[in-house]
$ cat run.csv   # CSV, C-alpha atoms and all ligand atoms
chain,number,residue,atom,x,y,z
M,1,MET,CA,92.8,-45.7,-107.3
M,2,TYR,CA,93.1,-43.4,-104.3
M,3,GLU,CA,92.1,-44.3,-100.7
M,4,LEU,CA,91.9,-41.6,-98.0
M,5,LEU,CA,93.2,-43.1,-94.8
M,6,ALA,CA,93.2,-40.3,-92.3
M,7,ASN,CA,92.6,-36.6,-91.9
M,8,ASP,CA,94.7,-34.4,-89.6
M,9,PRO,CA,92.5,-32.9,-86.8
M,10,ASP,CA,94.1,-29.4,-86.9
M,11,SER,CA,94.7,-28.8,-90.7
M,12,SER,CA,93.5,-30.1,-94.0
M,13,ALA,CA,96.4,-32.5,-94.3
M,14,ARG,CA,95.5,-36.0,-95.5
M,15,LEU,CA,97.1,-39.4,-95.3
M,16,GLY,CA,96.3,-41.6,-98.3
M,17,ARG,CA,97.3,-44.4,-100.6
M,18,LEU,CA,97.4,-44.3,-104.4
M,19,THR,CA,97.5,-47.6,-106.2
M,20,THR,CA,98.8,-47.8,-109.8
M,21,PRO,CA,99.7,-50.7,-112.2
M,22,HIS,CA,103.4,-50.3,-111.2
M,23,GLY,CA,102.9,-50.0,-107.4
M,24,VAL,CA,101.5,-48.2,-104.4
M,25,ILE,CA,102.3,-44.6,-103.5
M,26,ASP,CA,101.9,-43.4,-99.9
M,27,THR,CA,100.7,-39.8,-99.8
M,28,PRO,CA,101.6,-37.1,-99.2
M,29,CYS,CA,104.4,-38.0,-101.6
M,30,PHE,CA,107.3,-36.2,-103.3
M,31,MET,CA,108.0,-37.2,-106.9
M,32,PRO,CA,111.6,-36.6,-108.1
M,33,VAL,CA,111.8,-35.1,-111.6
M,34,GLY,CA,113.2,-37.3,-114.4
M,35,THR,CA,113.0,-34.7,-117.1
M,36,GLN,CA,115.1,-36.5,-119.8
M,37,GLY,CA,114.1,-40.0,-118.6
M,38,THR,CA,116.6,-39.8,-115.7
M,39,VAL,CA,116.6,-38.2,-112.3
M,40,LYS,CA,119.9,-36.5,-112.9
M,41,THR,CA,122.9,-38.5,-111.7
M,42,MET,CA,120.8,-41.2,-109.9
M,43,THR,CA,120.3,-44.9,-110.9
M,44,PRO,CA,116.8,-46.4,-110.4
M,45,GLU,CA,118.2,-48.5,-107.6
M,46,GLU,CA,119.5,-45.5,-105.8
M,47,LEU,CA,116.2,-43.8,-106.1
M,48,ARG,CA,114.4,-46.8,-104.6
M,49,GLU,CA,116.9,-46.9,-101.7
M,50,LEU,CA,116.3,-43.2,-101.1
M,51,GLY,CA,112.6,-43.9,-100.8
M,52,ALA,CA,111.2,-42.8,-104.2
M,53,GLN,CA,107.8,-44.4,-105.0
M,54,ILE,CA,107.0,-42.6,-108.2
M,55,ILE,CA,109.0,-40.4,-110.5
M,56,LEU,CA,108.0,-37.8,-113.1
M,57,GLY,CA,108.8,-37.8,-116.8
M,58,ASN,CA,108.6,-34.8,-119.1
M,59,THR,CA,106.6,-35.5,-122.2
M,60,TYR,CA,107.9,-32.4,-124.1
M,61,HIS,CA,111.5,-33.4,-123.7
M,62,LEU,CA,111.1,-37.1,-124.4
M,63,ASN,CA,108.9,-36.4,-127.4
M,64,LEU,CA,111.6,-34.2,-129.0
M,65,ARG,CA,114.5,-36.4,-127.9
M,66,PRO,CA,115.0,-39.3,-128.3
M,67,GLY,CA,111.4,-39.3,-129.8
M,68,VAL,CA,108.5,-41.5,-128.9
M,69,PRO,CA,109.1,-44.3,-131.5
M,70,ILE,CA,112.4,-45.2,-129.9
M,71,ILE,CA,110.8,-45.4,-126.4
M,72,GLU,CA,107.9,-47.4,-127.8
M,73,LYS,CA,110.4,-49.8,-129.4
M,74,ALA,CA,112.0,-50.3,-126.1
M,75,GLY,CA,108.7,-51.3,-124.6
M,76,GLY,CA,107.7,-47.9,-123.0
M,77,LEU,CA,109.3,-45.4,-120.7
M,78,HIS,CA,109.6,-47.8,-117.7
M,79,ARG,CA,111.7,-50.3,-119.7
M,80,PHE,CA,113.6,-47.6,-121.6
M,81,MET,CA,114.9,-46.0,-118.4
M,82,GLY,CA,115.0,-49.1,-116.2
M,83,TRP,CA,112.5,-47.9,-113.6
M,84,ASP,CA,109.8,-50.4,-112.8
M,85,GLY,CA,107.9,-48.2,-110.3
M,86,PRO,CA,105.0,-45.8,-111.1
M,87,ILE,CA,105.6,-42.9,-113.5
M,88,LEU,CA,103.6,-39.7,-113.9
M,89,THR,CA,104.0,-37.8,-117.1
M,90,ASP,CA,103.0,-34.2,-117.7
M,91,SER,CA,101.3,-33.2,-121.0
M,92,GLY,CA,104.3,-31.2,-122.3
M,93,GLY,CA,102.2,-28.0,-122.4
M,94,TYR,CA,104.1,-26.2,-119.7
M,95,GLN,CA,107.4,-26.6,-121.5
M,96,VAL,CA,105.9,-25.6,-124.9
M,97,PHE,CA,104.7,-22.4,-123.3
M,98,SER,CA,108.0,-21.8,-121.3
M,99,LEU,CA,110.8,-23.2,-123.5
M,100,ALA,CA,109.7,-23.4,-127.1
M,101,LYS,CA,109.1,-20.6,-129.6
M,102,LEU,CA,105.3,-20.4,-130.1
M,103,ARG,CA,104.1,-20.2,-133.6
M,104,LYS,CA,100.4,-20.4,-133.4
M,105,LEU,CA,97.9,-21.0,-130.5
M,106,SER,CA,94.3,-22.0,-131.1
M,107,ASP,CA,91.6,-24.1,-129.6
M,108,ASP,CA,93.0,-27.1,-131.6
M,109,GLY,CA,96.4,-26.9,-129.9
M,110,VAL,CA,99.7,-25.2,-130.2
M,111,GLU,CA,102.2,-25.1,-133.0
M,112,PHE,CA,105.7,-24.5,-131.8
M,113,GLN,CA,109.4,-24.6,-132.7
M,114,SER,CA,111.5,-27.2,-130.9
M,115,HIS,CA,114.1,-25.5,-128.7
M,116,ILE,CA,116.6,-28.2,-129.8
M,117,ASP,CA,116.6,-28.1,-133.6
M,118,GLY,CA,114.0,-25.5,-134.5
M,119,ALA,CA,111.7,-28.2,-136.1
M,120,THR,CA,108.0,-27.2,-136.3
M,121,CYS,CA,105.8,-29.4,-134.0
M,122,PHE,CA,102.2,-29.5,-133.0
M,123,LEU,CA,100.7,-30.4,-129.6
M,124,GLY,CA,97.0,-30.6,-129.1
M,125,PRO,CA,94.8,-32.5,-126.6
M,126,ARG,CA,94.8,-35.6,-128.7
M,127,GLU,CA,98.5,-35.6,-129.4
M,128,ALA,CA,99.3,-35.0,-125.7
M,129,MET,CA,97.2,-38.1,-124.7
M,130,GLN,CA,98.6,-40.3,-127.5
M,131,ILE,CA,102.2,-39.5,-126.6
M,132,GLN,CA,101.6,-40.3,-122.9
M,133,GLN,CA,99.9,-43.5,-123.8
M,134,LYS,CA,102.8,-44.5,-125.9
M,135,LEU,CA,105.2,-43.6,-123.1
M,136,GLY,CA,103.1,-45.9,-120.9
M,137,SER,CA,103.0,-43.8,-117.8
M,138,ASP,CA,100.8,-44.8,-114.9
M,139,ILE,CA,99.3,-41.3,-114.6
M,140,ALA,CA,98.8,-38.9,-117.5
M,141,ILE,CA,98.1,-35.2,-117.3
M,142,VAL,CA,95.8,-33.2,-119.5
M,143,LEU,CA,97.0,-30.5,-121.8
M,144,ASP,CA,96.3,-27.0,-120.3
M,145,GLU,CA,97.1,-23.4,-121.0
M,146,CYS,CA,99.2,-22.1,-118.1
M,147,PRO,CA,99.0,-18.2,-118.1
M,148,PRO,CA,102.0,-16.2,-116.9
M,149,TRP,CA,101.9,-14.1,-113.7
M,150,PRO,CA,100.7,-11.5,-113.4
M,151,CYS,CA,97.7,-12.1,-115.7
M,152,ASP,CA,94.7,-9.8,-116.2
M,153,ARG,CA,91.3,-11.2,-115.6
M,154,ASP,CA,90.3,-11.4,-119.2
M,155,SER,CA,93.3,-13.5,-120.2
M,156,ALA,CA,92.9,-15.7,-117.1
M,157,CYS,CA,89.3,-16.3,-118.0
M,158,LYS,CA,90.2,-17.2,-121.6
M,159,SER,CA,92.9,-19.6,-120.4
M,160,VAL,CA,90.4,-21.3,-118.1
M,161,ASP,CA,88.0,-21.7,-121.1
M,162,ARG,CA,90.7,-23.3,-123.2
M,163,THR,CA,92.0,-25.5,-120.4
M,164,LEU,CA,88.4,-26.8,-119.9
M,165,LEU,CA,87.9,-27.4,-123.7
M,166,TRP,CA,91.2,-29.3,-123.9
M,167,ALA,CA,90.4,-31.2,-120.7
M,168,THR,CA,87.2,-32.5,-122.3
M,169,ARG,CA,89.0,-33.5,-125.4
M,170,CYS,CA,91.8,-35.2,-123.4
M,171,ARG,CA,89.2,-37.1,-121.5
M,172,GLU,CA,87.8,-38.4,-124.8
M,173,HIS,CA,91.2,-39.4,-126.1
M,174,GLY,CA,92.3,-41.0,-122.8
M,175,GLY,CA,93.3,-44.7,-122.8
M,176,ASN,CA,93.6,-46.9,-119.8
M,177,GLN,CA,95.9,-44.6,-117.8
M,178,GLU,CA,94.7,-42.6,-114.8
M,179,ILE,CA,94.2,-39.0,-116.0
M,180,PHE,CA,94.5,-35.9,-113.9
M,181,GLY,CA,92.8,-32.6,-114.9
M,182,ILE,CA,94.5,-29.3,-114.2
M,183,VAL,CA,92.9,-26.4,-112.4
M,184,GLN,CA,94.0,-23.0,-113.8
M,185,GLY,CA,92.5,-19.6,-113.0
M,186,SER,CA,95.5,-17.6,-112.0
M,187,ALA,CA,95.0,-15.3,-109.0
M,188,TYR,CA,91.2,-15.2,-109.3
M,189,ALA,CA,89.3,-17.3,-106.7
M,190,ASP,CA,86.1,-17.5,-108.7
M,191,LEU,CA,87.9,-18.6,-111.9
M,192,ARG,CA,89.7,-21.3,-109.9
M,193,GLU,CA,86.4,-22.4,-108.4
M,194,ARG,CA,84.7,-22.6,-111.9
M,195,CYS,CA,87.6,-24.5,-113.3
M,196,ALA,CA,87.7,-27.0,-110.4
M,197,ARG,CA,83.9,-27.6,-110.5
M,198,GLU,CA,83.9,-28.1,-114.3
M,199,LEU,CA,86.8,-30.6,-114.1
M,200,VAL,CA,85.0,-32.5,-111.4
M,201,ARG,CA,81.9,-32.6,-113.7
M,202,ILE,CA,84.0,-33.9,-116.7
M,203,GLY,CA,85.4,-36.6,-114.4
M,204,PHE,CA,89.1,-37.2,-113.7
M,205,ASP,CA,91.1,-39.6,-111.5
M,206,GLY,CA,92.9,-36.8,-109.8
M,207,HIS,CA,93.4,-33.1,-110.0
M,208,ALA,CA,96.5,-31.0,-110.5
M,209,ILE,CA,96.8,-27.4,-109.4
M,210,GLY,CA,98.5,-25.5,-112.2
M,211,GLY,CA,99.6,-21.9,-112.6
M,212,VAL,CA,101.3,-21.8,-109.2
M,213,SER,CA,105.0,-21.0,-108.5
M,214,VAL,CA,105.1,-19.0,-111.8
M,215,GLY,CA,106.7,-16.0,-110.2
M,216,GLU,CA,103.9,-14.9,-107.8
M,217,PRO,CA,104.6,-14.1,-104.1
M,218,GLU,CA,104.5,-17.0,-101.8
M,219,GLU,CA,101.4,-15.8,-99.9
M,220,LEU,CA,99.4,-15.7,-103.2
M,221,MET,CA,100.7,-19.1,-104.2
M,222,LEU,CA,99.3,-20.6,-101.0
M,223,GLN,CA,96.1,-18.7,-101.4
M,224,GLN,CA,95.7,-20.0,-105.0
M,225,VAL,CA,96.1,-23.5,-103.6
M,226,GLU,CA,93.5,-22.9,-100.9
M,227,TRP,CA,91.0,-21.5,-103.4
M,228,THR,CA,91.4,-24.6,-105.4
M,229,THR,CA,91.5,-27.5,-102.9
M,230,GLY,CA,88.3,-26.4,-101.3
M,231,HIS,CA,86.4,-27.3,-104.5
M,232,LEU,CA,88.1,-30.6,-105.2
M,233,PRO,CA,86.5,-33.9,-104.1
M,234,ALA,CA,88.1,-35.6,-101.0
M,235,ASP,CA,88.2,-39.0,-102.7
M,236,LYS,CA,90.6,-38.0,-105.4
M,237,PRO,CA,94.3,-37.1,-105.1
M,238,ARG,CA,95.5,-33.5,-105.5
M,239,TYR,CA,98.8,-32.6,-107.0
M,240,ALA,CA,100.5,-29.2,-106.8
M,241,MET,CA,102.7,-28.9,-109.9
M,242,GLY,CA,106.4,-27.8,-109.6
M,243,LEU,CA,106.5,-27.0,-105.9
M,244,GLY,CA,108.6,-26.3,-103.8
M,245,THR,CA,111.0,-26.0,-100.8
M,246,PRO,CA,110.4,-28.5,-97.9
M,247,ALA,CA,108.7,-25.7,-95.9
M,248,GLN,CA,106.4,-24.8,-98.8
M,249,ILE,CA,105.5,-28.5,-99.3
M,250,LEU,CA,104.5,-28.8,-95.7
M,251,GLU,CA,102.3,-25.6,-96.1
M,252,MET,CA,100.6,-27.3,-99.1
M,253,ILE,CA,100.1,-30.5,-97.3
M,254,ALA,CA,98.4,-28.5,-94.5
M,255,ARG,CA,96.0,-27.2,-97.3
M,256,GLY,CA,95.1,-30.7,-98.4
M,257,VAL,CA,97.6,-31.4,-101.3
M,258,ASP,CA,98.9,-35.0,-101.7
M,259,LEU,CA,101.5,-35.0,-104.5
M,260,PHE,CA,104.5,-32.8,-105.3
M,261,ASP,CA,107.2,-32.7,-107.9
M,262,CYS,CA,110.1,-30.2,-107.9
M,263,ALA,CA,113.4,-30.1,-109.7
M,264,LEU,CA,114.8,-27.9,-106.9
M,265,PRO,CA,116.6,-30.6,-104.7
M,266,THR,CA,118.4,-32.2,-107.7
M,267,ARG,CA,119.0,-28.9,-109.5
M,268,VAL,CA,120.5,-27.0,-106.6
M,269,ALA,CA,122.6,-30.0,-105.6
M,270,ARG,CA,124.5,-29.7,-108.9
M,271,ASN,CA,125.3,-26.1,-108.1
M,272,GLY,CA,126.7,-27.1,-104.7
M,273,THR,CA,123.7,-26.3,-102.5
M,274,ALA,CA,122.7,-28.7,-99.8
M,275,ILE,CA,119.1,-28.5,-98.5
M,276,THR,CA,118.9,-29.2,-94.8
M,277,GLN,CA,116.3,-29.0,-92.0
M,278,ARG,CA,117.7,-25.5,-91.4
M,279,GLY,CA,117.4,-24.2,-94.9
M,280,SER,CA,119.9,-24.3,-97.8
M,281,VAL,CA,123.7,-24.2,-97.4
M,282,ASN,CA,126.3,-23.6,-100.1
M,283,VAL,CA,129.0,-26.3,-99.5
M,284,LYS,CA,131.5,-24.4,-101.6
M,285,VAL,CA,132.0,-21.7,-99.0
M,286,ALA,CA,135.6,-21.2,-97.6
M,287,ALA,CA,134.4,-22.0,-94.1
M,288,TYR,CA,134.0,-25.6,-95.2
M,289,LYS,CA,137.6,-25.9,-96.4
M,290,ASP,CA,138.7,-28.0,-93.4
M,291,ASP,CA,135.3,-28.7,-91.8
M,292,LEU,CA,135.2,-32.4,-91.0
M,293,ARG,CA,131.6,-32.6,-90.0
M,294,PRO,CA,129.0,-34.2,-92.3
M,295,VAL,CA,127.0,-31.9,-94.7
M,296,GLU,CA,124.1,-32.0,-92.3
M,297,GLU,CA,124.8,-33.1,-88.7
M,298,GLY,CA,122.4,-35.9,-87.6
M,299,CYS,CA,121.5,-36.8,-91.2
M,300,ALA,CA,121.4,-40.5,-91.9
M,301,CYS,CA,121.9,-40.3,-95.7
M,302,TYR,CA,124.8,-42.2,-97.4
M,303,THR,CA,126.6,-38.9,-98.1
M,304,CYS,CA,126.4,-37.7,-94.5
M,305,ARG,CA,127.3,-41.1,-93.0
M,306,ARG,CA,130.5,-41.4,-95.1
M,307,PHE,CA,131.8,-38.0,-96.1
M,308,THR,CA,132.8,-34.6,-94.7
M,309,ARG,CA,131.9,-31.1,-95.8
M,310,ALA,CA,135.6,-30.6,-96.6
M,311,TYR,CA,135.6,-33.6,-98.9
M,312,VAL,CA,132.3,-32.6,-100.7
M,313,ARG,CA,133.6,-29.0,-101.1
M,314,HIS,CA,136.8,-30.3,-102.5
M,315,LEU,CA,134.9,-32.4,-105.1
M,316,PHE,CA,133.0,-29.3,-106.2
M,317,ASN,CA,136.1,-27.2,-106.5
M,318,ALA,CA,137.9,-30.0,-108.4
M,319,GLU,CA,134.8,-30.4,-110.6
M,320,GLU,CA,134.5,-34.1,-109.8
M,321,ILE,CA,131.2,-35.7,-110.8
M,322,LEU,CA,130.9,-37.5,-107.4
M,323,GLY,CA,130.2,-34.2,-105.8
M,324,LEU,CA,127.0,-33.7,-107.8
M,325,ARG,CA,125.9,-37.3,-107.0
M,326,LEU,CA,126.6,-37.0,-103.2
M,327,LEU,CA,124.6,-33.7,-102.8
M,328,THR,CA,121.8,-35.1,-105.0
M,329,ILE,CA,121.6,-38.1,-102.6
M,330,HIS,CA,121.6,-35.9,-99.6
M,331,ASN,CA,119.0,-33.4,-100.9
M,332,LEU,CA,116.6,-36.2,-102.1
M,333,HIS,CA,117.0,-37.9,-98.7
M,334,VAL,CA,116.0,-34.7,-96.9
M,335,TYR,CA,112.8,-34.4,-99.1
M,336,PHE,CA,111.8,-38.0,-98.5
M,337,ARG,CA,112.6,-37.8,-94.8
M,338,VAL,CA,110.4,-34.7,-94.4
M,339,LEU,CA,107.5,-36.4,-96.4
M,340,ARG,CA,107.9,-39.6,-94.3
M,341,GLU,CA,107.6,-37.6,-91.1
M,342,ALA,CA,104.7,-35.7,-92.5
M,343,ARG,CA,102.8,-39.0,-93.1
M,344,GLU,CA,103.7,-40.3,-89.6
M,345,ARG,CA,102.5,-37.0,-88.0
M,346,ILE,CA,99.2,-37.0,-89.9
M,347,ALA,CA,98.7,-40.6,-88.8
M,348,ALA,CA,99.4,-39.6,-85.2
M,349,GLY,CA,97.3,-36.4,-85.4
M,350,THR,CA,100.2,-34.1,-84.7
M,351,PHE,CA,101.0,-32.8,-88.2
M,352,ALA,CA,100.0,-29.1,-87.7
M,353,GLU,CA,102.4,-28.7,-84.8
M,354,PHE,CA,105.2,-30.5,-86.8
M,355,ALA,CA,104.7,-28.3,-89.8
M,356,ARG,CA,104.7,-25.1,-87.8
M,357,GLY,CA,107.9,-26.0,-86.0
M,358,PHE,CA,109.7,-27.1,-89.2
M,359,SER,CA,108.7,-24.1,-91.2
M,360,ALA,CA,109.7,-21.6,-88.5
M,361,ASN,CA,113.1,-23.3,-88.2
M,362,TYR,CA,113.7,-23.6,-91.9
M,363,ARG,CA,112.7,-20.0,-92.7
M,364,ARG,CA,114.6,-18.5,-89.7
M,365,ASN,CA,117.8,-20.2,-90.6
M,366,ASN,CA,117.4,-19.7,-94.3
M,367,GLY,CA,116.7,-16.0,-93.9
M,368,GLU,CA,113.5,-16.4,-95.9
M,369,GLN,CA,111.0,-13.6,-95.8
M,370,ARG,CA,107.4,-14.4,-96.1
M,371,ASN,CA,105.8,-12.3,-98.8
M,372,ALA,CA,102.9,-10.8,-96.9
F,401,ZN,ZN,122.7,-36.2,-95.6
$ encode --input "run.csv" --output "structure tokens" --more "lines below"
Ligand SMILES: [Zn+2]
Amino acid sequence: MYELLANDPDSSARLGRLTTPHGVIDTPCFMPVGTQGTVKTMTPEELRELGAQIILGNTYHLNLRPGVPIIEKAGGLHRFMGWDGPILTDSGGYQVFSLAKLRKLSDDGVEFQSHIDGATCFLGPREAMQIQQKLGSDIAIVLDECPPWPCDRDSACKSVDRTLLWATRCREHGGNQEIFGIVQGSAYADLRERCARELVRIGFDGHAIGGVSVGEPEELMLQQVEWTTGHLPADKPRYAMGLGTPAQILEMIARGVDLFDCALPTRVARNGTAITQRGSVNVKVAAYKDDLRPVEEGCACYTCRRFTRAYVRHLFNAEEILGLRLLTIHNLHVYFRVLREARERIAAGTFAEFARGFSANYRRNNGEQRNA
């Protein structure tokens, strides 16, 4: 259940609270990605300490390995992975379309070959909902067809039709989980509007914005979000799937989005990249060889309180596992810190100013160019 607590006076940013069987989530909220039933290198206790309130599990991966029967036998995904907080699972569709070898796509679902052992599998709306029920997640997502970018209008239109057909079937096969619909429609404002309106008519507990961050320029990504949120009800949470940098997340919050998931902070940490208020920094650079400052000056995370750039750089050069863990802790801390400040600023009515200042600083130092 979602409660809208406050609106920012100068943007569409919202402060809210989402209550699930495994706990309360303060929104806007960042959800770390636990693809294989683990947020890579972090224990559940460490995630809690960092401020995680909900994590994401990937249905596609868990279904192929270890397989749903084993997770069911363990008592569901919460028990299997030792995380007692809320879990959101995706439908698996996105990975089927991006990772697996497609065999046959029809209105019934999609037949594909596992990227692990080549086995032939089938995922339809009923299967997607049944798997998520067995995993026991707090929030389930409908199966959708996510078109690539760029996408011609005819294909975008067909993917909206199929997404709506599957959404209806997923709703019929839903159990006692909260279910979010997914708005598709690629870069076509009227298709996004139609998809959003139809999903609202079918009736979901929240709405995900899909088909964003699939290779399109950033300006278009923001526009697609704007075209979508305008047609979604204020009393349901909105979730932008697979986004983004801290600066992008603030832009989405300003457009009325409440939930975010992104593998970026944990993935780049394992390559030696620290995400800071001033953009991303590669800790393996030679300049850090004898730099005894913390990874980010002024950061209160465990890594920055205890260790130096020289030490973290050394760990990466020596291929020590602790290096991956220390940067993952720092990067997640930065995301949770930005989201916490966003919530405080919305409550205080000063979010827009904060978001502008943060973005300008982040992009200037990161050398990011806006795609106009
Ligand atoms: Zn830090």
$ residues_around --input "run.csv" --residues "Met81 in chain M" --least-positions-apart "2" --cutoff "12 Å" --atoms "all atoms listed in the file" --output "JSON, numbers by chain"
{"M": [34, 35, 36, 37, 38, 39, 42, 43, 44, 45, 55, 56, 57, 62, 66, 70, 71, 72, 74, 75, 76, 77, 78, 79, 83, 84, 85, 87, 135]}
$ atom_distance --input "run.csv" --atom1 "CA of Ile141 in chain M" --atom2 "CA of Glu198 in chain M"
16.2 Å
$ residues_near_ligand --input "run.csv" --ligand "ligand ZN 401 (chain F)" --cutoff "6 Å" --atoms "all atoms listed in the file" --output "NGL selection string"
:M and (296 or 299-301 or 303-304 or 330)
$ write_last_selection --input "run.csv" --atoms "C-alpha atoms" --output "PDB file, in the frame of the given file"
ATOM      1  CA  GLU M 296     124.100 -32.000 -92.300  1.00  0.00           C
ATOM      2  CA  CYS M 299     121.500 -36.800 -91.200  1.00  0.00           C
ATOM      3  CA  ALA M 300     121.400 -40.500 -91.900  1.00  0.00           C
ATOM      4  CA  CYS M 301     121.900 -40.300 -95.700  1.00  0.00           C
ATOM      5  CA  THR M 303     126.600 -38.900 -98.100  1.00  0.00           C
ATOM      6  CA  CYS M 304     126.400 -37.700 -94.500  1.00  0.00           C
ATOM      7  CA  HIS M 330     121.600 -35.900 -99.600  1.00  0.00           C
TER       8      HIS M 330
END
$ closest_residue --input "run.csv" --among "M:Glu319, M:Glu353, M:Glu226, M:Glu111" --to "Glu193 in chain M" --atoms "all atoms listed in the file"
M:Glu226
$ atom_distance --input "run.csv" --atom1 "CA of Ala167 in chain M" --atom2 "CA of Ala52 in chain M"
29.0 Å
$ residues_around --input "run.csv" --residues "Asn365 in chain M" --least-positions-apart "3" --cutoff "9 Å" --atoms "all atoms listed in the file" --output "list in words"
Arg278, Gly279, Ser280, Ala360, Asn361, Tyr362 and Glu368 of chain M
$ atom_distance --input "run.csv" --atom1 "CA of Val33 in chain M" --atom2 "CA of Gln277 in chain M"
21.0 Å
$ residues_around --input "run.csv" --residues "Asn271 in chain M" --least-positions-apart "3" --cutoff "8 Å" --atoms "only C-alpha atoms" --output "list in words"
Arg267, Val268 and Leu324 of chain M
$ closest_residue --input "run.csv" --among "M:Leu232, M:Ala352, M:Val160, M:Cys146" --to "Ser213 in chain M" --atoms "all atoms listed in the file"
M:Cys146
$ closest_residue --input "run.csv" --among "M:Thr41, M:Gly51, M:Asp107, M:Pro246" --to "Leu327 in chain M" --atoms "all atoms listed in the file"
M:Thr41
$ closest_residue --input "run.csv" --among "M:Thr89, M:Gly256, M:Phe358, M:Gly272" --to "Leu315 in chain M" --atoms "only C-alpha atoms"
M:Gly272
$ residues_around --input "run.csv" --residues "Ser106 in chain M" --least-positions-apart "6" --cutoff "12 Å" --atoms "all atoms listed in the file" --output "ChimeraX atom specification"
/M:112,122-125,145,158-159,161-163,165-166
$ closest_atom_pairs --input "run.csv" --of "range 42-139 of chain M" --to "range 169-176 of chain M" --cutoff "7 Å" --atoms "all atoms listed in the file" --output "tab-separated table"
residue	atom	partner	partner_atom	distance
M:Pro125	CA	M:Cys170	CA	5.2
M:Arg126	CA	M:His173	CA	5.8
M:Met129	CA	M:Gly174	CA	6.0
M:Gln133	CA	M:Gly175	CA	6.8
